[in-house]
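Visitor: Let me begin by handing over the structure; questions about it come next.
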Amino acid sequence: RLADAGALDEALAPLLAFLDAAPTSADGHALAGIVFAARGERAAALRHLRKALYLNPADEASRVHLEHLL
């Protein structure tokens with residue numbers, strides 16, 4: 001909800017805490033990739049989107065976001 005509202009900085013801390021607790025969450029990594037991309041942090045966005053696709057190769061949304069960044 002925070003990310004959707006444009007509160008990217010506020011969204012990042014709980015999201016990264018979630019990923020610490022659930023490092024194999026494809027959805028968590030996908031959202032982190034989107035948030036990092038929106039913040040202009042390309043390297044972090046690429047890392048998380050690639051991880052999301054590794055964990056869930058069928059995730060078309062992550063694939064589209066990754067292609068856009070590349």
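Scheme for the structure tokens: letters A, B, ... for chains in order shown; per-chain residue numbers from 1; ligand numbers from 1 in order shown.
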Could you name the residues that touch A:Ile34 at 9 Å or less, counting only C-alpha atoms, but leaving out those on the same chain fewer than 3 positions away, as a list in words?

Guide: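 Returned residues: His29, Ala30, Leu31, Ala37, Ala38, Arg39, Ala45, His48, Leu49, Ser62 and His65 of chain A.
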
Visitor: Per DSSP on the backbone, filter chain A down to the residues in helix (DSSP H, G or I) and report them as number ranges by chain.

Guide: A: 8-21, 26-38, 42-55, 60-69

Visitor: Between A:Leu2, A:Ala44, A:Leu8, A:Ala26, which has the minimum distance to A:Ala61 (counting only C-alpha atoms)?

Guide: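 For A:Ala61, the nearest of the candidates is A:Ala26.
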
Visitor: Quick one: of A:Ala13, A:Leu53, A:Ala7, A:Leu69, who's nearest to A:Asp27, counting only C-alpha atoms?

Guide: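 Answer, going by the shortest atom-to-atom distance: A:Leu53.
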
Visitor: Which residues are close to A:Arg47, i.e. within 9 Å by only C-alpha atoms, leaving aside same-chain residues fewer than 4 positions away? Reply as a list in words.

Guide: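 These residues fall inside the cut-off: His29, Gly33, Arg42, Ala43, Lys51 and Ala52 of chain A.
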
Visitor: Go ahead and dump the residues you just picked, N, CA, C and O atoms, as an mmCIF file, in the first residue's frame.

Guide:
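Now in out.cif:
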data_model
loop_
_atom_site.group_PDB
_atom_site.id
_atom_site.type_symbol
_atom_site.label_atom_id
_atom_site.label_comp_id
_atom_site.auth_asym_id
_atom_site.auth_seq_id
_atom_site.Cartn_x
_atom_site.Cartn_y
_atom_site.Cartn_z
ATOM 1 N N HIS A 29 10.448 -10.241 -3.879
ATOM 2 C CA HIS A 29 11.558 -9.749 -4.705
ATOM 3 C C HIS A 29 11.045 -8.941 -5.893
ATOM 4 O O HIS A 29 11.662 -7.944 -6.273
ATOM 5 N N GLY A 33 11.996 -5.111 -6.551
ATOM 6 C CA GLY A 33 12.537 -4.654 -7.821
ATOM 7 C C GLY A 33 11.795 -3.454 -8.360
ATOM 8 O O GLY A 33 12.397 -2.485 -8.843
ATOM 9 N N ARG A 42 18.805 1.315 -10.128
ATOM 10 C CA ARG A 42 18.757 0.303 -11.180
ATOM 11 C C ARG A 42 19.418 -1.018 -10.792
ATOM 12 O O ARG A 42 18.859 -2.088 -11.032
ATOM 13 N N ALA A 43 20.600 -0.972 -10.212
ATOM 14 C CA ALA A 43 21.321 -2.208 -9.873
ATOM 15 C C ALA A 43 20.522 -3.053 -8.878
ATOM 16 O O ALA A 43 20.396 -4.272 -9.044
ATOM 17 N N LYS A 51 16.083 -12.199 -9.232
ATOM 18 C CA LYS A 51 15.805 -13.181 -8.178
ATOM 19 C C LYS A 51 14.347 -13.620 -8.251
ATOM 20 O O LYS A 51 14.043 -14.808 -8.107
ATOM 21 N N ALA A 52 13.442 -12.682 -8.491
ATOM 22 C CA ALA A 52 12.020 -13.020 -8.609
ATOM 23 C C ALA A 52 11.801 -14.007 -9.752
ATOM 24 O O ALA A 52 11.058 -14.991 -9.601
#

Visitor: Quick one: distance from atom CA of A:Tyr54 to atom CA of A:Gly6 in Å, one decimal?

Guide: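 We find that atom CA of A:Tyr54 and atom CA of A:Gly6 lie 27.2 Å from each other.
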
Visitor: Can you work out the spacing between atom CA of A:Leu46 and atom CA of A:Leu66 in Å, to one decimal?

Guide: 6.5 Å

Visitor: Please indicate the distance in Å from atom CA of A:Arg63 to atom CA of A:Arg50, rounded to one decimal place.

Guide: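 According to the coordinates, atom CA of A:Arg63 and atom CA of A:Arg50 are separated by 8.3 Å.
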